[in-house]
$ cat start11.cif   # mmCIF, C-alpha atoms
data_final
#
loop_
_atom_site.group_PDB
_atom_site.id
_atom_site.type_symbol
_atom_site.label_atom_id
_atom_site.label_comp_id
_atom_site.auth_asym_id
_atom_site.auth_seq_id
_atom_site.Cartn_x
_atom_site.Cartn_y
_atom_site.Cartn_z
ATOM 1 C CA MET A 1 -3.135 25.960 31.134
ATOM 2 C CA ASP A 2 -2.926 22.519 32.750
ATOM 3 C CA LYS A 3 -1.539 22.938 36.294
ATOM 4 C CA ASN A 4 0.061 19.489 36.158
ATOM 5 C CA PHE A 5 1.893 20.447 32.972
ATOM 6 C CA ILE A 6 3.350 23.537 34.676
ATOM 7 C CA THR A 7 4.316 21.465 37.704
ATOM 8 C CA ARG A 8 6.239 18.997 35.489
ATOM 9 C CA ILE A 9 8.133 21.881 33.874
ATOM 10 C CA VAL A 10 9.065 23.343 37.247
ATOM 11 C CA LYS A 11 10.310 19.981 38.547
ATOM 12 C CA ASP A 12 12.462 19.606 35.447
ATOM 13 C CA LEU A 13 13.953 23.055 36.042
ATOM 14 C CA GLU A 14 14.544 22.326 39.701
ATOM 15 C CA SER A 15 16.387 19.124 38.828
ATOM 16 C CA LYS A 16 18.835 21.288 36.842
ATOM 17 C CA GLY A 17 19.078 23.932 39.524
ATOM 18 C CA ALA A 18 17.465 26.396 37.140
ATOM 19 C CA ALA A 19 14.148 27.178 38.778
ATOM 20 C CA PRO A 20 14.294 30.632 40.401
ATOM 21 C CA ALA A 21 11.021 30.315 42.268
ATOM 22 C CA SER A 22 8.772 27.785 43.887
ATOM 23 C CA THR A 23 6.258 25.745 41.949
ATOM 24 C CA THR A 24 3.448 27.775 43.480
ATOM 25 C CA ASP A 25 5.092 31.058 42.442
ATOM 26 C CA ILE A 26 5.541 29.957 38.832
ATOM 27 C CA ILE A 27 2.005 28.609 38.581
ATOM 28 C CA GLY A 28 0.797 31.945 39.900
ATOM 29 C CA GLN A 29 2.906 33.857 37.381
ATOM 30 C CA VAL A 30 1.590 31.766 34.496
ATOM 31 C CA GLY A 31 -1.951 32.209 35.775
ATOM 32 C CA ASP A 32 -1.461 35.986 35.829
ATOM 33 C CA GLN A 33 -0.116 35.893 32.264
ATOM 34 C CA ILE A 34 -3.083 33.896 31.043
ATOM 35 C CA GLU A 35 -5.476 36.386 32.633
ATOM 36 C CA ARG A 36 -3.617 39.224 30.856
ATOM 37 C CA VAL A 37 -3.883 37.260 27.606
ATOM 38 C CA ARG A 38 -7.635 37.002 28.057
ATOM 39 C CA ASN A 39 -7.910 40.744 28.691
ATOM 40 C CA ARG A 40 -5.723 41.668 25.700
ATOM 41 C CA LEU A 41 -7.575 39.402 23.293
ATOM 42 C CA SER A 42 -11.031 40.383 24.515
ATOM 43 C CA ARG A 43 -11.095 43.227 21.960
ATOM 44 C CA ILE A 44 -10.446 40.855 19.064
ATOM 45 C CA SER A 45 -13.624 39.540 17.463
ATOM 46 C CA HIS A 46 -12.158 36.333 15.976
ATOM 47 C CA LYS A 47 -8.923 34.339 16.299
ATOM 48 C CA MET A 48 -7.887 31.752 13.755
ATOM 49 C CA ALA A 49 -4.797 29.536 13.557
ATOM 50 C CA VAL A 50 -3.085 28.821 10.238
ATOM 51 C CA MET A 51 -1.485 25.374 10.394
ATOM 52 C CA SER A 52 0.143 22.837 8.112
ATOM 53 C CA GLY A 53 1.562 19.914 10.061
ATOM 54 C CA LYS A 54 4.305 19.883 7.426
ATOM 55 C CA GLY A 55 6.942 22.421 6.512
ATOM 56 C CA GLY A 56 7.511 23.714 3.004
ATOM 57 C CA VAL A 57 3.877 24.105 1.942
ATOM 58 C CA GLY A 58 3.877 27.916 1.930
ATOM 59 C CA LYS A 59 1.937 28.396 5.156
ATOM 60 C CA SER A 60 3.445 31.785 6.026
ATOM 61 C CA SER A 61 2.945 33.090 2.480
ATOM 62 C CA VAL A 62 -0.673 31.983 2.678
ATOM 63 C CA THR A 63 -1.026 33.714 6.056
ATOM 64 C CA ILE A 64 0.200 37.133 4.943
ATOM 65 C CA ASN A 65 -1.634 37.173 1.610
ATOM 66 C CA LEU A 66 -4.851 35.932 3.204
ATOM 67 C CA ALA A 67 -4.545 38.596 5.910
ATOM 68 C CA LEU A 68 -4.120 41.263 3.241
ATOM 69 C CA ALA A 69 -7.040 39.909 1.218
ATOM 70 C CA ILE A 70 -9.291 40.196 4.285
ATOM 71 C CA ALA A 71 -7.915 43.675 5.068
ATOM 72 C CA LYS A 72 -8.706 44.707 1.486
ATOM 73 C CA LYS A 73 -12.349 44.005 2.315
ATOM 74 C CA GLY A 74 -12.243 46.651 5.049
ATOM 75 C CA PHE A 75 -11.507 44.502 8.128
ATOM 76 C CA LYS A 76 -8.905 45.163 10.831
ATOM 77 C CA VAL A 77 -6.434 42.269 10.889
ATOM 78 C CA GLY A 78 -3.429 41.278 12.993
ATOM 79 C CA ILE A 79 -0.861 38.463 12.712
ATOM 80 C CA LEU A 80 0.912 36.698 15.551
ATOM 81 C CA ASP A 81 4.045 34.989 14.257
ATOM 82 C CA ALA A 82 4.106 32.010 16.615
ATOM 83 C CA ASP A 83 7.170 30.444 14.978
ATOM 84 C CA ILE A 84 9.615 31.572 17.656
ATOM 85 C CA SER A 85 12.734 29.833 16.336
ATOM 86 C CA GLY A 86 12.229 30.681 12.658
ATOM 87 C CA PRO A 87 10.124 33.841 12.412
ATOM 88 C CA SER A 88 9.563 34.980 8.810
ATOM 89 C CA ILE A 89 6.473 37.197 8.761
ATOM 90 C CA PRO A 90 8.339 40.535 9.210
ATOM 91 C CA LYS A 91 10.682 39.732 6.312
ATOM 92 C CA MET A 92 7.764 38.911 4.028
ATOM 93 C CA PHE A 93 5.993 42.118 5.061
ATOM 94 C CA GLY A 94 9.075 44.296 4.552
ATOM 95 C CA ILE A 95 9.163 45.443 8.171
ATOM 96 C CA VAL A 96 12.532 43.958 9.144
ATOM 97 C CA GLY A 97 14.321 46.598 11.183
ATOM 98 C CA LYS A 98 11.145 47.789 12.852
ATOM 99 C CA THR A 99 10.650 46.911 16.492
ATOM 100 C CA ILE A 100 7.853 46.326 18.933
ATOM 101 C CA ASN A 101 7.758 49.526 20.995
ATOM 102 C CA ILE A 102 7.402 49.090 24.741
ATOM 103 C CA THR A 103 5.124 51.611 26.455
ATOM 104 C CA PRO A 104 3.486 51.811 29.893
ATOM 105 C CA GLU A 105 0.310 50.446 28.263
ATOM 106 C CA GLY A 106 2.164 47.456 26.792
ATOM 107 C CA ALA A 107 4.000 46.414 23.639
ATOM 108 C CA ILE A 108 2.883 48.209 20.482
ATOM 109 C CA PRO A 109 3.000 45.897 17.439
ATOM 110 C CA ALA A 110 4.553 46.916 14.152
ATOM 111 C CA VAL A 111 2.138 48.057 11.462
ATOM 112 C CA SER A 112 2.483 46.875 7.880
ATOM 113 C CA HIS A 113 0.554 47.142 4.613
ATOM 114 C CA LEU A 114 -3.152 47.999 4.900
ATOM 115 C CA GLY A 115 -2.749 48.604 8.621
ATOM 116 C CA ILE A 116 -2.070 44.972 9.531
ATOM 117 C CA LYS A 117 -0.556 44.685 13.010
ATOM 118 C CA VAL A 118 2.312 42.227 13.434
ATOM 119 C CA ALA A 119 3.894 40.723 16.547
ATOM 120 C CA SER A 120 6.912 38.486 16.008
ATOM 121 C CA MET A 121 10.091 37.394 17.751
ATOM 122 C CA ASP A 122 11.923 38.764 14.719
ATOM 123 C CA LEU A 123 10.896 42.281 15.757
ATOM 124 C CA MET A 124 12.596 41.811 19.123
ATOM 125 C CA LEU A 125 16.037 40.721 17.882
ATOM 126 C CA LYS A 126 19.030 43.043 17.676
ATOM 127 C CA GLY A 127 19.769 42.481 14.008
ATOM 128 C CA ASP A 128 18.579 40.760 10.847
ATOM 129 C CA ASN A 129 21.075 37.898 11.286
ATOM 130 C CA THR A 130 20.601 37.420 15.020
ATOM 131 C CA PRO A 131 19.589 33.827 15.837
ATOM 132 C CA VAL A 132 17.079 32.908 18.501
ATOM 133 C CA VAL A 133 19.198 31.207 21.179
ATOM 134 C CA TRP A 134 17.882 30.115 24.554
ATOM 135 C CA LYS A 135 19.993 30.420 27.692
ATOM 136 C CA GLY A 136 21.583 27.151 28.680
ATOM 137 C CA THR A 137 23.031 24.408 26.514
ATOM 138 C CA TRP A 138 21.307 22.519 23.744
ATOM 139 C CA GLN A 139 21.721 19.403 25.845
ATOM 140 C CA ASP A 140 19.144 20.791 28.259
ATOM 141 C CA SER A 141 15.775 19.126 28.452
ATOM 142 C CA ALA A 142 13.346 19.620 25.574
ATOM 143 C CA VAL A 143 10.762 20.441 28.245
ATOM 144 C CA TRP A 144 12.999 23.281 29.475
ATOM 145 C CA ARG A 145 13.445 24.731 25.964
ATOM 146 C CA GLY A 146 9.772 24.245 25.182
ATOM 147 C CA ALA A 147 8.794 26.036 28.381
ATOM 148 C CA LEU A 148 10.918 29.022 27.387
ATOM 149 C CA GLU A 149 9.356 29.167 23.927
ATOM 150 C CA MET A 150 5.847 28.982 25.338
ATOM 151 C CA GLY A 151 6.818 31.694 27.821
ATOM 152 C CA VAL A 152 7.760 33.990 24.934
ATOM 153 C CA ILE A 153 4.440 33.330 23.195
ATOM 154 C CA ARG A 154 2.550 33.950 26.442
ATOM 155 C CA GLU A 155 4.394 37.253 26.844
ATOM 156 C CA LEU A 156 3.564 38.289 23.280
ATOM 157 C CA LEU A 157 -0.092 37.467 23.786
ATOM 158 C CA ALA A 158 -0.239 39.029 27.251
ATOM 159 C CA ASP A 159 1.694 42.224 26.568
ATOM 160 C CA VAL A 160 0.979 43.194 22.953
ATOM 161 C CA VAL A 161 -1.576 45.976 22.665
ATOM 162 C CA TRP A 162 -3.580 44.692 19.715
ATOM 163 C CA GLY A 163 -6.451 47.098 20.251
ATOM 164 C CA ASP A 164 -9.674 46.483 18.369
ATOM 165 C CA LEU A 165 -9.280 43.839 15.663
ATOM 166 C CA ASP A 166 -11.793 41.950 13.587
ATOM 167 C CA LEU A 167 -9.443 38.988 13.094
ATOM 168 C CA LEU A 168 -6.146 37.750 14.507
ATOM 169 C CA LEU A 169 -4.326 35.125 12.431
ATOM 170 C CA ILE A 170 -1.821 32.959 14.313
ATOM 171 C CA ASP A 171 0.918 31.650 12.025
ATOM 172 C CA MET A 172 1.691 28.389 13.801
ATOM 173 C CA PRO A 173 5.106 26.671 13.895
ATOM 174 C CA PRO A 174 5.506 24.114 11.084
ATOM 175 C CA ALA A 175 5.655 20.353 11.515
ATOM 176 C CA SER A 176 5.372 20.472 15.286
ATOM 177 C CA SER A 177 3.300 18.090 17.373
ATOM 178 C CA ASP A 178 3.880 19.618 20.810
ATOM 179 C CA LYS A 179 3.460 23.370 20.325
ATOM 180 C CA PRO A 180 0.011 23.633 18.656
ATOM 181 C CA PRO A 181 -1.913 22.181 21.623
ATOM 182 C CA VAL A 182 -0.096 24.435 24.086
ATOM 183 C CA ILE A 183 -0.521 27.544 21.928
ATOM 184 C CA ALA A 184 -4.164 26.723 21.288
ATOM 185 C CA ASN A 185 -4.676 26.358 25.033
ATOM 186 C CA LEU A 186 -3.312 29.877 25.549
ATOM 187 C CA ILE A 187 -5.771 31.550 23.174
ATOM 188 C CA PRO A 188 -9.271 32.014 24.587
ATOM 189 C CA ASP A 189 -12.187 31.529 22.211
ATOM 190 C CA LEU A 190 -10.077 30.270 19.307
ATOM 191 C CA ASP A 191 -12.570 30.144 16.437
ATOM 192 C CA GLY A 192 -10.830 27.489 14.393
ATOM 193 C CA ALA A 193 -7.913 26.535 12.209
ATOM 194 C CA ILE A 194 -7.167 26.686 8.514
ATOM 195 C CA MET A 195 -4.987 23.828 7.264
ATOM 196 C CA VAL A 196 -2.551 24.363 4.391
ATOM 197 C CA THR A 197 -1.307 21.581 2.127
ATOM 198 C CA ILE A 198 0.086 21.049 -1.357
ATOM 199 C CA PRO A 199 -1.131 18.483 -3.936
ATOM 200 C CA THR A 200 1.276 15.670 -3.115
ATOM 201 C CA GLU A 201 0.413 12.390 -1.467
ATOM 202 C CA VAL A 202 3.185 12.907 1.109
ATOM 203 C CA SER A 203 1.831 16.290 2.192
ATOM 204 C CA GLN A 204 -1.748 15.075 2.269
ATOM 205 C CA HIS A 205 -0.754 11.966 4.225
ATOM 206 C CA ILE A 206 0.650 14.238 6.933
ATOM 207 C CA VAL A 207 -2.122 16.823 6.834
ATOM 208 C CA ARG A 208 -4.729 14.079 7.377
ATOM 209 C CA LYS A 209 -3.024 13.256 10.670
ATOM 210 C CA SER A 210 -2.892 16.958 11.588
ATOM 211 C CA ILE A 211 -6.574 17.449 10.815
ATOM 212 C CA ASN A 212 -7.545 14.484 12.987
ATOM 213 C CA PHE A 213 -5.285 15.698 15.791
ATOM 214 C CA VAL A 214 -6.582 19.281 15.681
ATOM 215 C CA SER A 215 -10.268 18.432 15.335
ATOM 216 C CA LYS A 216 -10.519 15.313 17.502
ATOM 217 C CA GLU A 217 -7.831 15.764 20.150
ATOM 218 C CA LEU A 218 -7.719 19.562 20.481
ATOM 219 C CA LYS A 219 -11.420 20.027 19.655
ATOM 220 C CA ILE A 220 -10.580 22.971 17.372
ATOM 221 C CA PRO A 221 -12.998 23.394 14.451
ATOM 222 C CA ILE A 222 -11.435 23.134 10.989
ATOM 223 C CA VAL A 223 -12.482 26.255 9.079
ATOM 224 C CA GLY A 224 -11.276 24.757 5.829
ATOM 225 C CA LEU A 225 -8.402 23.357 3.828
ATOM 226 C CA ILE A 226 -6.297 25.470 1.471
ATOM 227 C CA GLU A 227 -4.434 23.624 -1.251
ATOM 228 C CA ASN A 228 -1.413 25.715 -2.190
ATOM 229 C CA MET A 229 0.535 25.455 -5.457
ATOM 230 C CA THR A 230 -2.245 23.467 -7.103
ATOM 231 C CA SER A 231 -1.177 24.234 -10.670
ATOM 232 C CA PHE A 232 1.022 26.465 -12.771
ATOM 233 C CA ILE A 233 -0.616 29.084 -14.971
ATOM 234 C CA CYS A 234 1.673 30.387 -17.708
ATOM 235 C CA PRO A 235 1.789 34.212 -17.426
ATOM 236 C CA GLU A 236 2.293 34.463 -21.212
ATOM 237 C CA CYS A 237 -0.386 32.187 -22.656
ATOM 238 C CA GLY A 238 -2.544 31.319 -19.646
ATOM 239 C CA HIS A 239 -2.071 27.558 -20.085
ATOM 240 C CA LYS A 240 -2.729 25.653 -16.841
ATOM 241 C CA SER A 241 -0.696 22.581 -15.922
ATOM 242 C CA GLY A 242 -0.139 20.528 -12.776
ATOM 243 C CA LEU A 243 3.086 20.758 -10.794
ATOM 244 C CA PHE A 244 2.741 17.685 -8.636
ATOM 245 C CA SER A 245 1.189 14.249 -8.843
ATOM 246 C CA GLU A 246 -2.538 14.084 -8.344
ATOM 247 C CA GLY A 247 -3.387 13.683 -4.687
ATOM 248 C CA SER A 248 -6.633 12.591 -3.101
ATOM 249 C CA ILE A 249 -7.455 15.838 -1.349
ATOM 250 C CA LYS A 250 -11.130 15.694 -2.304
ATOM 251 C CA GLU A 251 -11.416 12.321 -0.562
ATOM 252 C CA MET A 252 -10.356 13.746 2.784
ATOM 253 C CA GLY A 253 -13.856 14.848 3.670
ATOM 254 C CA ILE A 254 -12.672 18.338 4.642
ATOM 255 C CA HIS A 255 -14.170 21.496 3.212
ATOM 256 C CA ILE A 256 -11.728 22.881 0.623
ATOM 257 C CA ILE A 257 -11.924 26.610 1.153
ATOM 258 C CA GLY A 258 -9.640 27.463 -1.756
ATOM 259 C CA GLU A 259 -6.927 26.480 -4.204
ATOM 260 C CA ILE A 260 -3.926 28.732 -4.845
ATOM 261 C CA PRO A 261 -2.135 28.329 -8.193
ATOM 262 C CA PHE A 262 1.648 28.363 -8.198
ATOM 263 C CA ASP A 263 3.259 31.670 -9.132
ATOM 264 C CA SER A 264 7.024 32.115 -8.795
ATOM 265 C CA ARG A 265 6.451 35.806 -8.129
ATOM 266 C CA ILE A 266 4.913 34.960 -4.737
ATOM 267 C CA SER A 267 8.292 33.974 -3.289
ATOM 268 C CA ARG A 268 10.091 36.828 -5.054
ATOM 269 C CA SER A 269 7.572 39.322 -3.677
ATOM 270 C CA ALA A 270 8.093 37.905 -0.179
ATOM 271 C CA ASP A 271 11.866 38.245 -0.574
ATOM 272 C CA ARG A 272 11.405 41.922 -1.446
ATOM 273 C CA GLY A 273 9.037 42.492 1.455
ATOM 274 C CA LEU A 274 6.217 43.519 -0.874
ATOM 275 C CA PRO A 275 3.436 40.926 -0.532
ATOM 276 C CA PHE A 276 2.227 39.336 -3.752
ATOM 277 C CA ILE A 277 -1.392 40.426 -3.445
ATOM 278 C CA ILE A 278 -0.245 44.044 -3.134
ATOM 279 C CA GLU A 279 2.206 43.871 -6.037
ATOM 280 C CA PHE A 280 0.063 41.756 -8.384
ATOM 281 C CA PRO A 281 -3.570 42.327 -7.340
ATOM 282 C CA ASP A 282 -5.065 40.934 -10.551
ATOM 283 C CA ALA A 283 -2.993 37.749 -10.777
ATOM 284 C CA PRO A 284 -4.910 34.426 -10.564
ATOM 285 C CA ALA A 285 -3.330 33.609 -7.187
ATOM 286 C CA SER A 286 -4.381 36.999 -5.784
ATOM 287 C CA LEU A 287 -7.932 36.438 -6.991
ATOM 288 C CA SER A 288 -7.883 33.062 -5.230
ATOM 289 C CA PHE A 289 -6.834 34.713 -1.956
ATOM 290 C CA LEU A 290 -9.655 37.239 -2.320
ATOM 291 C CA SER A 291 -12.136 34.420 -2.960
ATOM 292 C CA ILE A 292 -10.977 32.612 0.197
ATOM 293 C CA ALA A 293 -11.258 35.890 2.124
ATOM 294 C CA ASP A 294 -14.887 36.201 1.009
ATOM 295 C CA LYS A 295 -15.649 32.713 2.341
ATOM 296 C CA ILE A 296 -14.029 33.448 5.711
ATOM 297 C CA ILE A 297 -15.855 36.767 5.971
ATOM 298 C CA ASP A 298 -19.134 35.044 5.138
ATOM 299 C CA GLN A 299 -18.513 32.345 7.734
ATOM 300 C CA PHE A 300 -17.422 34.624 10.578
ATOM 301 C CA PHE A 301 -18.902 38.054 9.978
ATOM 302 C CA ASN A 302 -21.870 37.793 7.626
ATOM 303 C CA LYS A 303 -23.197 34.905 9.726
ATOM 304 C CA GLU A 304 -23.186 37.231 12.741
ATOM 305 C CA THR A 305 -25.134 39.806 10.757
ATOM 306 C CA ARG A 306 -27.728 37.198 9.771
ATOM 307 C CA GLN A 307 -28.235 36.025 13.354
#
$ encode --input "start11.cif" --output "structure tokens"
Amino acid sequence: MDKNFITRIVKDLESKGAAPASTTDIIGQVGDQIERVRNRLSRISHKMAVMSGKGGVGKSSVTINLALAIAKKGFKVGILDADISGPSIPKMFGIVGKTINITPEGAIPAVSHLGIKVASMDLMLKGDNTPVVWKGTWQDSAVWRGALEMGVIRELLADVVWGDLDLLLIDMPPASSDKPPVIANLIPDLDGAIMVTIPTEVSQHIVRKSINFVSKELKIPIVGLIENMTSFICPECGHKSGLFSEGSIKEMGIHIIGEIPFDSRISRSADRGLPFIIEFPDAPASLSFLSIADKIIDQFFNKETRQ
């Protein structure tokens, strides 16, 4: 964490009479949190962010089904729902109502299908309809609100007892330019990011910017690009047709790690809390997730075996 960044946050809080401690104290507290984060995540072999740069492309659906596809291959997987204001992972996993249990050893994440561990703000709220509201007014500084959100993510990373995991997927907030660099800075040894897009020129226009930002500015390797909702396959006759206008995804120069066909049952499965790949394991979209899982496993795990 950049010390100057923390100092700017503290000065903003002090200007509002909201800072309870000195700048030195807060920097020390954040430093202690980051050290706890490093210790907690040291037992996780690989960490990968799932990003979009644009909302509405199905990033969270991709995250949970990809996690399950990798778990189906025998790997231990966890998901950090880093979308603090609009957490959706627990709903899609059918674990709404469960909570993160606090023990002397730390916070125990909820466990979902195939043993996937989940940490999310949604598991810390009092009820299903409880909004995430920060103390203070919405006229307060964006730096102040952002500092609170990052504090929550630091606490999740520092206090959750993930245990031994092969892979932690971080479901990043959508369409946000300020949070990804801060979150990425909190996660030691981040292996890379998967970018999610859909086959429209608007989405691909935005994801190009995100890819350049992530790879060039944040220096995070791009594992690959997933194109979601590429086509519609009729469940009755198997006819394949496009849903959107043809984009220029293949001209982006980014490795396309997989294409997921549109299936209306994906959203309906998420609404029921029974992930698509569990409910419809032989559907074309499920087979696509499994194919992507194989590529990730080959890149991260089989490569280690070959070395």
$ closest_residue --input "start11.cif" --among "A:His205, A:Lys47, A:Arg40, A:Arg265" --to "A:Asp189" --atoms "only C-alpha atoms"
A:Lys47
$ resolve_selection --input "start11.cif" --expression "the PyMOL selection byres ((chain A and resi 276-281) around 12)" --output "ChimeraX atom specification"
/A:61-72,92-94,112-114,235,262-275,282-290
$ resolve_selection --input "start11.cif" --expression "the PyMOL selection byres ((chain A and resi 77-80) around 10)" --output "mmCIF file with C-alpha atoms, in the coordinates of the input"
data_model
loop_
_atom_site.group_PDB
_atom_site.id
_atom_site.type_symbol
_atom_site.label_atom_id
_atom_site.label_comp_id
_atom_site.auth_asym_id
_atom_site.auth_seq_id
_atom_site.Cartn_x
_atom_site.Cartn_y
_atom_site.Cartn_z
ATOM 1 C CA ILE A 44 -10.446 40.855 19.064
ATOM 2 C CA HIS A 46 -12.158 36.333 15.976
ATOM 3 C CA LYS A 47 -8.923 34.339 16.299
ATOM 4 C CA MET A 48 -7.887 31.752 13.755
ATOM 5 C CA ALA A 49 -4.797 29.536 13.557
ATOM 6 C CA THR A 63 -1.026 33.714 6.056
ATOM 7 C CA ILE A 64 0.200 37.133 4.943
ATOM 8 C CA ALA A 67 -4.545 38.596 5.910
ATOM 9 C CA LEU A 68 -4.120 41.263 3.241
ATOM 10 C CA ALA A 69 -7.040 39.909 1.218
ATOM 11 C CA ILE A 70 -9.291 40.196 4.285
ATOM 12 C CA ALA A 71 -7.915 43.675 5.068
ATOM 13 C CA LYS A 72 -8.706 44.707 1.486
ATOM 14 C CA GLY A 74 -12.243 46.651 5.049
ATOM 15 C CA PHE A 75 -11.507 44.502 8.128
ATOM 16 C CA LYS A 76 -8.905 45.163 10.831
ATOM 17 C CA ASP A 81 4.045 34.989 14.257
ATOM 18 C CA ALA A 82 4.106 32.010 16.615
ATOM 19 C CA ASP A 83 7.170 30.444 14.978
ATOM 20 C CA ILE A 89 6.473 37.197 8.761
ATOM 21 C CA PRO A 109 3.000 45.897 17.439
ATOM 22 C CA ALA A 110 4.553 46.916 14.152
ATOM 23 C CA VAL A 111 2.138 48.057 11.462
ATOM 24 C CA SER A 112 2.483 46.875 7.880
ATOM 25 C CA LEU A 114 -3.152 47.999 4.900
ATOM 26 C CA GLY A 115 -2.749 48.604 8.621
ATOM 27 C CA ILE A 116 -2.070 44.972 9.531
ATOM 28 C CA LYS A 117 -0.556 44.685 13.010
ATOM 29 C CA VAL A 118 2.312 42.227 13.434
ATOM 30 C CA ALA A 119 3.894 40.723 16.547
ATOM 31 C CA SER A 120 6.912 38.486 16.008
ATOM 32 C CA MET A 121 10.091 37.394 17.751
ATOM 33 C CA ILE A 153 4.440 33.330 23.195
ATOM 34 C CA LEU A 156 3.564 38.289 23.280
ATOM 35 C CA LEU A 157 -0.092 37.467 23.786
ATOM 36 C CA VAL A 160 0.979 43.194 22.953
ATOM 37 C CA TRP A 162 -3.580 44.692 19.715
ATOM 38 C CA GLY A 163 -6.451 47.098 20.251
ATOM 39 C CA ASP A 164 -9.674 46.483 18.369
ATOM 40 C CA LEU A 165 -9.280 43.839 15.663
ATOM 41 C CA ASP A 166 -11.793 41.950 13.587
ATOM 42 C CA LEU A 167 -9.443 38.988 13.094
ATOM 43 C CA LEU A 168 -6.146 37.750 14.507
ATOM 44 C CA LEU A 169 -4.326 35.125 12.431
ATOM 45 C CA ILE A 170 -1.821 32.959 14.313
ATOM 46 C CA ASP A 171 0.918 31.650 12.025
ATOM 47 C CA MET A 172 1.691 28.389 13.801
#
$ atom_distance --input "start11.cif" --atom1 "atom CA of A:Ile296" --atom2 "atom CA of A:His239"
29.0 Å
$ atom_distance --input "start11.cif" --atom1 "atom CA of A:Ile183" --atom2 "atom CA of A:Val161"
18.5 Å
$ atom_distance --input "start11.cif" --atom1 "atom CA of A:Ile233" --atom2 "atom CA of A:Ala193"
28.3 Å
$ closest_residue --input "start11.cif" --among "A:Cys234, A:Val57, A:Ile292, A:Ile84" --to "A:Glu155" --atoms "all atoms listed in the file"
A:Ile84
$ resolve_selection --input "start11.cif" --expression "the PyMOL selection byres ((chain A and resi 223) around 12)" --output "ChimeraX atom specification"
/A:47-51,190-196,211,214-215,220-222,224-226,254-258,292-293,295-300
$ residues_around --input "start11.cif" --residues "stretch 96-102 of chain A" --least-positions-apart "3" --cutoff "8 Å" --atoms "all atoms listed in the file" --output "list in words"
Pro90, Lys91, Phe93, Gly106, Ala107, Ile108, Pro109, Ala110, Ala119, Asp122, Leu123, Met124, Gly127 and Asp128 of chain A
$ write_last_selection --input "start11.cif" --atoms "C-alpha atoms" --output "short mmCIF file (atom, residue, chain, number, x, y, z; two decimals), keeping the file's coordinate frame"
data_model
loop_
_atom_site.label_atom_id
_atom_site.label_comp_id
_atom_site.auth_asym_id
_atom_site.auth_seq_id
_atom_site.Cartn_x
_atom_site.Cartn_y
_atom_site.Cartn_z
CA PRO A 90 8.34 40.53 9.21
CA LYS A 91 10.68 39.73 6.31
CA PHE A 93 5.99 42.12 5.06
CA GLY A 106 2.16 47.46 26.79
CA ALA A 107 4.00 46.41 23.64
CA ILE A 108 2.88 48.21 20.48
CA PRO A 109 3.00 45.90 17.44
CA ALA A 110 4.55 46.92 14.15
CA ALA A 119 3.89 40.72 16.55
CA ASP A 122 11.92 38.76 14.72
CA LEU A 123 10.90 42.28 15.76
CA MET A 124 12.60 41.81 19.12
CA GLY A 127 19.77 42.48 14.01
CA ASP A 128 18.58 40.76 10.85
#
